[in-house]
Structures are given as structure tokens and as C-alpha cells.
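*Asks:* Take this structure first; my questions come after.
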Amino acid sequence: MINNEYSFTLAAQCKLLAALVRRPGETLSLIEPEYFTNPIHVDIARIAVKALKGKNLKTDRLTRVLLWTLVRESLKKSHRRDALQRYKQEIRSLYEERLLDGTYLVDLARNFSLEAKSRQTLVEAEKDINAGNHARAVQRFVELERTYLSVDRSIELPIKHLHRFIQDADKFDPVDDFIVYPIIQKLGAVLLIGLPKELKSWMGAALAMDVAAGSPKALGFFQVPTVARTLYVQIEDTTHMTANRMKMLYEKQAGRSTRTIGNLKVISRCPLNLMDPKWLDSLQLELQKFKPELIVLDVFRRLFRGNVLDAKETAEFLRVLDVLRDKYKCAIVLVHHAKKGDSPEIQTKALGSVNLAAWADVLILLWGKRRVGNGTVSNIKLVSKAAIDEERQLVIVVDETKRPMVRVLDQERCDINVLRQCIREKPGLNQKELMQKSGFGEKKLRPLLKRAIERHLLREEHGKRKELIYFSQKPR
């Protein structure tokens, strides 16, 4: 056992030991019992490794009761009863640990292994130097480097026979493949575009907040399977503007969820240029430490200093994003400006080279911003490879009086909410008065009123001169 102090604390080692006994398929090949500094951890790891030898790591599991039985049988002759009680408490804590994400866990186990072997190599090399064997000391470090380079170069391709590939597809819920279903896939690329002031930044920031908080519904509409670490890069607005926006969202979007604090980091305005190696290295250093599962980049023109119309230059920039996405196993949402014009095709709306639209798995276009009631509304158009009804009319609403304050709604629901708000403020309005107050034309107003009454959201009565007047469903 190596006795030198680790940068891995006992708490971190406890998480790794929990992974070793509960998810050995991911960590057993990376961790040796002697890497742990706590003697109790060493004994438990040694017994667990011995029990798992020759087992099917995908199906065979060490339960808490089984592990305790094996440890007790192995140690009862050499340990007092009070000492065995400490082992029992330690095993209990291993099964109470919240295990980390698989990719992050493997990286942590690999770093733990590297540090342990590096320290052991230092100890052995010092002995060689004291004995005058300098060549052997150098050779130890060469062998250590060669070992880890060979690990990095060995890549297992996800290849299966057709029948197995099809059969395995039925075992998975498609929602589990998404950070936000169905718009942000794990390792996916999303392009969020719109003209200036079309609520793009509000949508990007609210998505980041909802994902980090693990809200059941992002923007009150899209399913969030699980909480995810998120890096929000907002370098267009001033730091003060971004701080105020995030404060409002923390209070009125995430409901002051404490999970958000540890799962969301913000990079505010700075000259971050992803085509500059120095700035890119700084970003990668943060990605290595934080290991986000989602990165929201706002906005493209601040991150890229080249010619947005040049296909070659934009391709180089997108290649940088792909490398970050593949290397750090994260999804990327890129916020970008749309170009002016009346083109009906969303694929041609992004300002600049067509490479931008081609890069994205999902395109989100915001357009037609307007003031409705107490909120600001923009239309949404989605084009996605996932199963989504692209003909569905959606809008995004930013309203400080509502929770969540940034929401996605059906266009019809949004319009009905406006009518209900008008009637709550002044009950007994007739259709002409509702047209004036809501701004809806007669052709649009009549079917909305009919639908609201069918859903028991409003009620109508006969007023003066047989006019129909409208009230909230419950009489006041």
C-alpha cells in the first residue's frame, strides 16, 4: 500500500470503492486494492476483487449482504468484534453513496489509477537512484507513460451483428438518450437562431437553468430525464445584465433549487475566441475540471472572428466545437443570429454559411416577437431528427409574473391565456370589447372563445341586447 498523501480525499476514494463493488464493469480493470490509503478500504477492495474474479460483470453483482458476509468470513479470525463493526459501517456507507455519471466515473477511476501508479513509480525510482541505478529509474517513468498512452489509443468500436443491434434497440427508452427531450440529445448539436431581441438569450439561459436544476420540464414543456451539469457561456451581454438575468431565472424559473448551484457555471463577457489557441486552452481547462454534460454558447459572432459567409472558415470553427463535444462528452447549444428576409425554409435562416445549419441535429428558430398581456412572446419553429410534430404551433413566453417565467406553450393555449387574463381584469366583456383589449381579430377570436368554453376555462352568458358576455369559469 502506498502511504503518501493523495490528492484524492478519503471521501473521493469512498466513491471509487463504491463504484468498484457496485459497478465493477466500469472500474474493475482500472483500480487495484492497493491504491486506497485507508486499510479498511484496501481489505474490502481486495475481498471484492477476489469475489468478482471470473464473474460476468454485466449480470453478477455484489449485494451489501453478500459483501459483508465475505468480509466477515475473511477477517473474523484476525480482527476483534469492534474492528469488524467498523468494516460493517463502511460497507453500509458504500451502498448509500450516490454513484456518479458513467463517463465521469471512468475518468475519475483512470486518474486515480494514474496517480497511484505515479506515486509508486516515484517511490521505486527513489530506491533505484539511492542504489545508483539511474537508468532503471528513468525506465520506470518511460514504462508508466507507455502504459497510459496505450490505454488512450485503444478504442472499442460499437459494432454488433444486425440481429443483436435491432434486438438491443428495444431495451432502451429513447428519452434516456436526451438531456432535454426531444430537442437536446446527449452529445448532440443544437442551433438556436433568431433576429436580435427575439428572446434567444432568454431561451438559452432558461434551458441552462432548467437542465442544471433537474426541472421535470424544461421551459415548462420539454421533458428533462435527469439533472445535468451545465456550462453557460454568455459573452454578448454585459456581466451585470447576465447576472441579473440569471438571478431572476434562479428565483422564478428554477424555484431557488439548491442543485442548480453546484450544477451550473457561468462564463460572462470576455474576449473568448475559440479560434485562438490560448483562449481555447483556457476553456478546455475549465471543461476538464467541471466536466459539463451541456454547454450553451451565446453568441456565435463573439466566439468566432472569421468571415461568417466563408464555408472554409466556418467549417474550421464547427470542427472545434465537434472536438470539444466528442472529447468532453457533452451536448452543445449554439446561439446565433438569423438573417433578415422572408425565406420560408428554416435551414436557410441562419446568418452565414450553410455549414451552420448542416452542423446541427436540431434547428430552433425564434421569430415574430410581440407583447401579449404581461409577457413577451415569440413564435418557435423546430426542425429535429427526433420524433416531434414539426407542424405544431409553439411559442416562447417571457413573463415575470409567472412561474416558470420562461415557458413554451401551444399557440392556442397562449392565446386563450391572454383572453382569460383580459376577462379576469374586467369580467363581463363582450366579443367587441375582447377584440379591442386582446388585439385579436374576429376571425381568430371566435374559435378561441369556443375552445375555451369547451375546456371549461371560460363561461358565457347573455347580456344586454342578447350580446354574449364572458366570465372566468368560477363565478366571483
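Ordering of the C-alpha cells sets the chain letters (A, B, ...), residue numbers begin anew at 1 in every chain, and ligands are numbered from 1 in the order given.
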Please, which residues of region 353-383 of chain A, numbered as in this document, come out alpha helix (DSSP H) from DSSP, as a list in words?
*Replies:*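 Restricting region 353-383 of chain A to alpha helix (DSSP H) produces Asn355, Leu356, Ala357, Ala358 and Trp359 of chain A.
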*Asks:* Excluding same-chain residues fewer than 6 positions from Arg420 (chain A), what lies within 12 Å of it counting only C-alpha atoms, as a PDB file with N, CA, C and O atoms, in the first residue's frame?
*Replies:*
ATOM      1  N   GLY A 373     -50.378  40.545 -23.326  1.00  0.00           N
ATOM      2  CA  GLY A 373     -50.678  40.605 -21.899  1.00  0.00           C
ATOM      3  C   GLY A 373     -49.497  41.159 -21.121  1.00  0.00           C
ATOM      4  O   GLY A 373     -48.940  42.203 -21.459  1.00  0.00           O
ATOM      5  N   ARG A 413     -53.013  27.715 -26.629  1.00  0.00           N
ATOM      6  CA  ARG A 413     -53.057  27.861 -25.171  1.00  0.00           C
ATOM      7  C   ARG A 413     -52.607  29.250 -24.752  1.00  0.00           C
ATOM      8  O   ARG A 413     -53.176  29.861 -23.844  1.00  0.00           O
ATOM      9  N   CYS A 414     -51.577  29.748 -25.432  1.00  0.00           N
ATOM     10  CA  CYS A 414     -51.086  31.090 -25.117  1.00  0.00           C
ATOM     11  C   CYS A 414     -52.166  32.133 -25.376  1.00  0.00           C
ATOM     12  O   CYS A 414     -52.404  33.028 -24.553  1.00  0.00           O
ATOM     13  N   LYS A 426     -61.321  42.382 -16.189  1.00  0.00           N
ATOM     14  CA  LYS A 426     -62.601  43.078 -16.353  1.00  0.00           C
ATOM     15  C   LYS A 426     -63.658  42.067 -16.782  1.00  0.00           C
ATOM     16  O   LYS A 426     -63.907  41.874 -17.978  1.00  0.00           O
ATOM     17  N   PRO A 427     -64.319  41.396 -15.838  1.00  0.00           N
ATOM     18  CA  PRO A 427     -65.321  40.384 -16.176  1.00  0.00           C
ATOM     19  C   PRO A 427     -66.512  41.008 -16.905  1.00  0.00           C
ATOM     20  O   PRO A 427     -66.850  42.177 -16.709  1.00  0.00           O
ATOM     21  N   GLY A 428     -67.137  40.186 -17.753  1.00  0.00           N
ATOM     22  CA  GLY A 428     -68.346  40.627 -18.443  1.00  0.00           C
ATOM     23  C   GLY A 428     -68.098  41.324 -19.754  1.00  0.00           C
ATOM     24  O   GLY A 428     -68.987  41.997 -20.287  1.00  0.00           O
ATOM     25  N   LEU A 429     -66.904  41.168 -20.338  1.00  0.00           N
ATOM     26  CA  LEU A 429     -66.613  41.772 -21.636  1.00  0.00           C
ATOM     27  C   LEU A 429     -67.360  41.024 -22.734  1.00  0.00           C
ATOM     28  O   LEU A 429     -67.503  39.799 -22.692  1.00  0.00           O
ATOM     29  N   LEU A 434     -63.580  42.423 -26.189  1.00  0.00           N
ATOM     30  CA  LEU A 434     -62.439  41.496 -26.125  1.00  0.00           C
ATOM     31  C   LEU A 434     -61.513  41.688 -27.320  1.00  0.00           C
ATOM     32  O   LEU A 434     -60.291  41.572 -27.191  1.00  0.00           O
ATOM     33  N   LYS A 437     -59.415  44.764 -26.447  1.00  0.00           N
ATOM     34  CA  LYS A 437     -58.485  44.591 -25.326  1.00  0.00           C
ATOM     35  C   LYS A 437     -57.379  43.585 -25.638  1.00  0.00           C
ATOM     36  O   LYS A 437     -56.219  43.773 -25.243  1.00  0.00           O
ATOM     37  N   SER A 438     -57.717  42.500 -26.351  1.00  0.00           N
ATOM     38  CA  SER A 438     -56.729  41.450 -26.627  1.00  0.00           C
ATOM     39  C   SER A 438     -55.922  41.705 -27.890  1.00  0.00           C
ATOM     40  O   SER A 438     -54.810  41.200 -28.042  1.00  0.00           O
ATOM     41  N   LEU A 448     -61.309  30.726 -30.600  1.00  0.00           N
ATOM     42  CA  LEU A 448     -60.619  30.665 -29.303  1.00  0.00           C
ATOM     43  C   LEU A 448     -61.628  30.644 -28.153  1.00  0.00           C
ATOM     44  O   LEU A 448     -61.481  29.874 -27.199  1.00  0.00           O
ATOM     45  N   LEU A 449     -62.650  31.493 -28.250  1.00  0.00           N
ATOM     46  CA  LEU A 449     -63.677  31.517 -27.214  1.00  0.00           C
ATOM     47  C   LEU A 449     -64.418  30.178 -27.159  1.00  0.00           C
ATOM     48  O   LEU A 449     -64.705  29.655 -26.077  1.00  0.00           O
ATOM     49  N   ALA A 452     -62.162  27.606 -25.471  1.00  0.00           N
ATOM     50  CA  ALA A 452     -62.026  27.881 -24.034  1.00  0.00           C
ATOM     51  C   ALA A 452     -63.274  27.458 -23.269  1.00  0.00           C
ATOM     52  O   ALA A 452     -63.189  26.926 -22.154  1.00  0.00           O
ATOM     53  N   ILE A 453     -64.438  27.650 -23.865  1.00  0.00           N
ATOM     54  CA  ILE A 453     -65.694  27.248 -23.215  1.00  0.00           C
ATOM     55  C   ILE A 453     -65.811  25.729 -23.191  1.00  0.00           C
ATOM     56  O   ILE A 453     -66.231  25.135 -22.190  1.00  0.00           O
ATOM     57  N   HIS A 456     -63.957  24.349 -20.434  1.00  0.00           N
ATOM     58  CA  HIS A 456     -64.412  24.868 -19.133  1.00  0.00           C
ATOM     59  C   HIS A 456     -63.403  25.847 -18.524  1.00  0.00           C
ATOM     60  O   HIS A 456     -63.233  25.902 -17.307  1.00  0.00           O
ATOM     61  N   LEU A 457     -62.752  26.610 -19.415  1.00  0.00           N
ATOM     62  CA  LEU A 457     -61.831  27.640 -18.947  1.00  0.00           C
ATOM     63  C   LEU A 457     -62.539  28.992 -18.838  1.00  0.00           C
ATOM     64  O   LEU A 457     -62.121  29.857 -18.072  1.00  0.00           O
ATOM     65  N   LEU A 458     -63.611  29.187 -19.646  1.00  0.00           N
ATOM     66  CA  LEU A 458     -64.423  30.395 -19.596  1.00  0.00           C
ATOM     67  C   LEU A 458     -65.888  29.980 -19.643  1.00  0.00           C
ATOM     68  O   LEU A 458     -66.219  28.851 -20.003  1.00  0.00           O
ATOM     69  N   ARG A 459     -66.770  30.915 -19.278  1.00  0.00           N
ATOM     70  CA  ARG A 459     -68.200  30.670 -19.420  1.00  0.00           C
ATOM     71  C   ARG A 459     -68.840  31.910 -20.049  1.00  0.00           C
ATOM     72  O   ARG A 459     -68.340  33.026 -19.893  1.00  0.00           O
ATOM     73  N   TYR A 470     -68.575  37.394 -21.256  1.00  0.00           N
ATOM     74  CA  TYR A 470     -67.717  36.291 -20.830  1.00  0.00           C
ATOM     75  C   TYR A 470     -67.156  36.529 -19.426  1.00  0.00           C
ATOM     76  O   TYR A 470     -66.847  37.661 -19.034  1.00  0.00           O
ATOM     77  N   PHE A 471     -67.031  35.408 -18.694  1.00  0.00           N
ATOM     78  CA  PHE A 471     -66.533  35.418 -17.316  1.00  0.00           C
ATOM     79  C   PHE A 471     -65.564  34.260 -17.140  1.00  0.00           C
ATOM     80  O   PHE A 471     -65.562  33.301 -17.916  1.00  0.00           O
ATOM     81  N   SER A 472     -64.779  34.351 -16.066  1.00  0.00           N
ATOM     82  CA  SER A 472     -63.955  33.194 -15.670  1.00  0.00           C
ATOM     83  C   SER A 472     -64.885  32.046 -15.300  1.00  0.00           C
ATOM     84  O   SER A 472     -66.064  32.278 -14.976  1.00  0.00           O
ATOM     85  N   GLN A 473     -64.389  30.825 -15.331  1.00  0.00           N
ATOM     86  CA  GLN A 473     -65.244  29.659 -15.129  1.00  0.00           C
ATOM     87  C   GLN A 473     -65.970  29.703 -13.778  1.00  0.00           C
ATOM     88  O   GLN A 473     -67.133  29.378 -13.677  1.00  0.00           O
ATOM     89  N   LYS A 474     -65.242  30.106 -12.745  1.00  0.00           N
ATOM     90  CA  LYS A 474     -65.873  30.163 -11.426  1.00  0.00           C
ATOM     91  C   LYS A 474     -66.460  31.535 -11.184  1.00  0.00           C
ATOM     92  O   LYS A 474     -65.758  32.539 -11.275  1.00  0.00           O
TER      93      LYS A 474
END
*Asks:* Could you name the residues that touch region 266-276 of chain A at 6 Å or less, counting only C-alpha atoms, but leaving out those on the same chain fewer than 2 positions away, as a list in words?
*Replies:*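 After dropping sequence-adjacent residues, the list is Leu231, Tyr232, Val233, Gln234, Ile235, Thr238, Thr239, Lys278, Trp279, Leu280, Leu303 and Phe304 of chain A.
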*Asks:* Only N, CA, C and O atoms, please: the residues just picked out, written as a short mmCIF file (atom, residue, chain, number, x, y, z; two decimals), in the first residue's frame.
*Replies:*
data_model
loop_
_atom_site.label_atom_id
_atom_site.label_comp_id
_atom_site.auth_asym_id
_atom_site.auth_seq_id
_atom_site.Cartn_x
_atom_site.Cartn_y
_atom_site.Cartn_z
N LEU A 231 -22.64 24.27 -18.47
CA LEU A 231 -21.79 25.46 -18.57
C LEU A 231 -22.49 26.45 -19.49
O LEU A 231 -22.76 26.15 -20.66
N TYR A 232 -22.81 27.62 -18.96
CA TYR A 232 -23.50 28.65 -19.73
C TYR A 232 -22.50 29.75 -20.07
O TYR A 232 -21.97 30.43 -19.18
N VAL A 233 -22.22 29.91 -21.36
CA VAL A 233 -21.23 30.89 -21.83
C VAL A 233 -22.00 32.05 -22.47
O VAL A 233 -22.53 31.92 -23.58
N GLN A 234 -22.08 33.17 -21.76
CA GLN A 234 -22.82 34.35 -22.24
C GLN A 234 -21.83 35.50 -22.34
O GLN A 234 -21.53 36.18 -21.36
N ILE A 235 -21.29 35.69 -23.55
CA ILE A 235 -20.25 36.72 -23.72
C ILE A 235 -20.71 37.85 -24.63
O ILE A 235 -19.90 38.66 -25.08
N THR A 238 -23.48 42.29 -21.14
CA THR A 238 -22.55 42.68 -20.08
C THR A 238 -22.70 41.72 -18.90
O THR A 238 -23.73 41.05 -18.74
N THR A 239 -21.68 41.68 -18.06
CA THR A 239 -21.71 40.81 -16.89
C THR A 239 -22.88 41.17 -15.97
O THR A 239 -23.55 40.28 -15.43
N LYS A 278 -4.89 30.06 -27.32
CA LYS A 278 -4.76 30.40 -25.90
C LYS A 278 -6.13 30.43 -25.21
O LYS A 278 -6.29 29.91 -24.11
N TRP A 279 -7.12 31.06 -25.87
CA TRP A 279 -8.46 31.10 -25.29
C TRP A 279 -9.09 29.71 -25.29
O TRP A 279 -9.80 29.33 -24.35
N LEU A 280 -8.85 28.95 -26.34
CA LEU A 280 -9.40 27.59 -26.41
C LEU A 280 -8.82 26.72 -25.29
O LEU A 280 -9.54 25.93 -24.67
N LEU A 303 -17.74 34.40 -30.49
CA LEU A 303 -16.81 33.29 -30.33
C LEU A 303 -15.97 33.05 -31.58
O LEU A 303 -14.98 32.33 -31.55
N PHE A 304 -16.39 33.64 -32.70
CA PHE A 304 -15.77 33.41 -33.99
C PHE A 304 -15.44 34.76 -34.62
O PHE A 304 -16.32 35.59 -34.82
#
*Asks:* Check which residues of region 102-201 of chain A sit at most 10 Å from region 13-20 of chain A using only C-alpha atoms, and return one row each with the closest pair of atoms and their distance in Å to one decimal, ordered by chain and rising number, as a tab-separated table.
*Replies:*
residue	atom	partner	partner_atom	distance
A:Gly102	CA	A:Ala19	CA	9.7
A:Leu105	CA	A:Leu16	CA	7.9
A:Val106	CA	A:Leu16	CA	9.5
A:Leu108	CA	A:Leu16	CA	8.0
A:Ala109	CA	A:Leu16	CA	6.7
A:Phe112	CA	A:Gln13	CA	8.5
*Asks:* For all heavy atoms, I'd like the residues from the last selection saved as a compact mmCIF listing (two decimals), in the first residue's frame.
*Replies:*
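Now in out-v1.txt:
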# COMPACT_ATOMS: atom_id res chain seq x y z
N GLY A 102 -21.52 7.62 -15.57
CA GLY A 102 -20.59 6.58 -16.01
C GLY A 102 -19.31 7.11 -16.61
O GLY A 102 -18.20 6.68 -16.28
N LEU A 105 -17.20 8.83 -14.05
CA LEU A 105 -16.69 7.84 -13.11
C LEU A 105 -15.47 7.12 -13.67
O LEU A 105 -14.47 6.91 -12.97
CB LEU A 105 -17.79 6.82 -12.79
CG LEU A 105 -17.50 5.80 -11.70
CD1 LEU A 105 -17.26 6.49 -10.37
CD2 LEU A 105 -18.65 4.82 -11.58
N VAL A 106 -15.53 6.75 -14.94
CA VAL A 106 -14.39 6.08 -15.57
C VAL A 106 -13.18 7.00 -15.61
O VAL A 106 -12.05 6.59 -15.34
CB VAL A 106 -14.77 5.59 -16.98
CG1 VAL A 106 -13.54 5.11 -17.73
CG2 VAL A 106 -15.80 4.47 -16.90
N LEU A 108 -12.55 9.45 -13.56
CA LEU A 108 -12.06 9.59 -12.19
C LEU A 108 -11.24 8.36 -11.79
O LEU A 108 -10.17 8.49 -11.17
CB LEU A 108 -13.25 9.77 -11.25
CG LEU A 108 -12.93 10.21 -9.82
CD1 LEU A 108 -12.37 11.62 -9.81
CD2 LEU A 108 -14.17 10.16 -8.95
N ALA A 109 -11.73 7.17 -12.14
CA ALA A 109 -11.01 5.94 -11.81
C ALA A 109 -9.67 5.89 -12.53
O ALA A 109 -8.65 5.46 -11.96
CB ALA A 109 -11.86 4.72 -12.18
N PHE A 112 -7.33 8.27 -10.80
CA PHE A 112 -6.95 7.68 -9.52
C PHE A 112 -5.86 6.63 -9.72
O PHE A 112 -4.86 6.58 -8.99
CB PHE A 112 -8.19 7.06 -8.88
CG PHE A 112 -7.96 6.43 -7.52
CD1 PHE A 112 -7.39 7.14 -6.50
CD2 PHE A 112 -8.34 5.11 -7.29
CE1 PHE A 112 -7.19 6.58 -5.25
CE2 PHE A 112 -8.15 4.53 -6.05
CZ PHE A 112 -7.57 5.27 -5.02
*Asks:* Write down as a JSON list (two decimals) with C-alpha atoms, in the first residue's frame the residues of region 173-386 of chain A whose backbone DSSP state falls under strand (DSSP E).
*Replies:*
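Below is the file states-v9.json, written as the result:
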[["chain", "number", "residue", "atom", "x", "y", "z"],
["A", 178, "PHE", "CA", -31.63, 13.06, -24.36],
["A", 179, "ILE", "CA", -30.70, 15.84, -21.96],
["A", 180, "VAL", "CA", -33.90, 17.64, -22.96],
["A", 184, "ILE", "CA", -31.13, 18.35, -26.89],
["A", 185, "GLN", "CA", -29.67, 14.90, -27.43],
["A", 189, "ALA", "CA", -25.69, 19.82, -31.55],
["A", 190, "VAL", "CA", -28.44, 22.46, -31.43],
["A", 191, "LEU", "CA", -28.51, 25.74, -33.36],
["A", 192, "LEU", "CA", -30.80, 28.36, -31.78],
["A", 193, "ILE", "CA", -31.33, 31.26, -34.18],
["A", 194, "GLY", "CA", -33.37, 34.44, -34.37],
["A", 217, "LYS", "CA", -39.99, 20.10, -17.71],
["A", 218, "ALA", "CA", -37.54, 22.46, -19.40],
["A", 222, "PHE", "CA", -39.89, 19.65, -22.81],
["A", 223, "GLN", "CA", -39.07, 16.59, -20.70],
["A", 230, "THR", "CA", -24.24, 22.77, -17.46],
["A", 231, "LEU", "CA", -21.79, 25.46, -18.57],
["A", 232, "TYR", "CA", -23.50, 28.65, -19.73],
["A", 233, "VAL", "CA", -21.23, 30.89, -21.83],
["A", 234, "GLN", "CA", -22.82, 34.35, -22.24],
["A", 264, "LEU", "CA", -24.39, 25.39, -13.28],
["A", 265, "LYS", "CA", -21.36, 27.53, -14.06],
["A", 266, "VAL", "CA", -21.41, 30.80, -15.99],
["A", 267, "ILE", "CA", -18.72, 32.40, -18.15],
["A", 294, "LEU", "CA", -24.33, 20.56, -21.67],
["A", 295, "ILE", "CA", -22.66, 23.73, -22.97],
["A", 296, "VAL", "CA", -24.76, 26.72, -24.05],
["A", 297, "LEU", "CA", -22.71, 29.16, -26.18],
["A", 298, "ASP", "CA", -24.21, 32.64, -26.59],
["A", 331, "ALA", "CA", -24.04, 18.43, -25.94],
["A", 332, "ILE", "CA", -23.69, 21.93, -27.37],
["A", 333, "VAL", "CA", -26.35, 24.60, -27.92],
["A", 334, "LEU", "CA", -25.04, 27.39, -30.15],
["A", 335, "VAL", "CA", -26.99, 30.66, -30.14],
["A", 336, "HIS", "CA", -26.74, 32.58, -33.42],
["A", 337, "HIS", "CA", -28.37, 35.44, -35.30],
["A", 362, "VAL", "CA", -31.82, 20.34, -34.17],
["A", 363, "LEU", "CA", -32.65, 23.80, -35.54],
["A", 364, "ILE", "CA", -34.72, 26.19, -33.41],
["A", 365, "LEU", "CA", -35.92, 29.45, -34.96],
["A", 366, "LEU", "CA", -37.48, 32.27, -32.91],
["A", 367, "TRP", "CA", -39.41, 34.95, -34.81],
["A", 368, "GLY", "CA", -42.31, 37.42, -34.62],
["A", 369, "LYS", "CA", -41.70, 38.89, -31.17],
["A", 370, "ARG", "CA", -44.65, 40.78, -29.73],
["A", 371, "ARG", "CA", -46.12, 41.95, -26.46],
["A", 372, "VAL", "CA", -49.07, 39.85, -25.26],
["A", 375, "GLY", "CA", -45.44, 38.86, -21.27],
["A", 376, "THR", "CA", -43.31, 38.96, -24.40],
["A", 377, "VAL", "CA", -43.95, 36.24, -26.97],
["A", 378, "SER", "CA", -42.00, 34.84, -29.95],
["A", 379, "ASN", "CA", -43.01, 32.06, -32.32],
["A", 380, "ILE", "CA", -40.95, 28.86, -32.40],
["A", 381, "LYS", "CA", -40.18, 26.66, -35.38],
["A", 382, "LEU", "CA", -38.39, 23.36, -34.76],
["A", 383, "VAL", "CA", -36.67, 21.02, -37.17],
["A", 384, "SER", "CA", -35.40, 17.85, -35.45]]
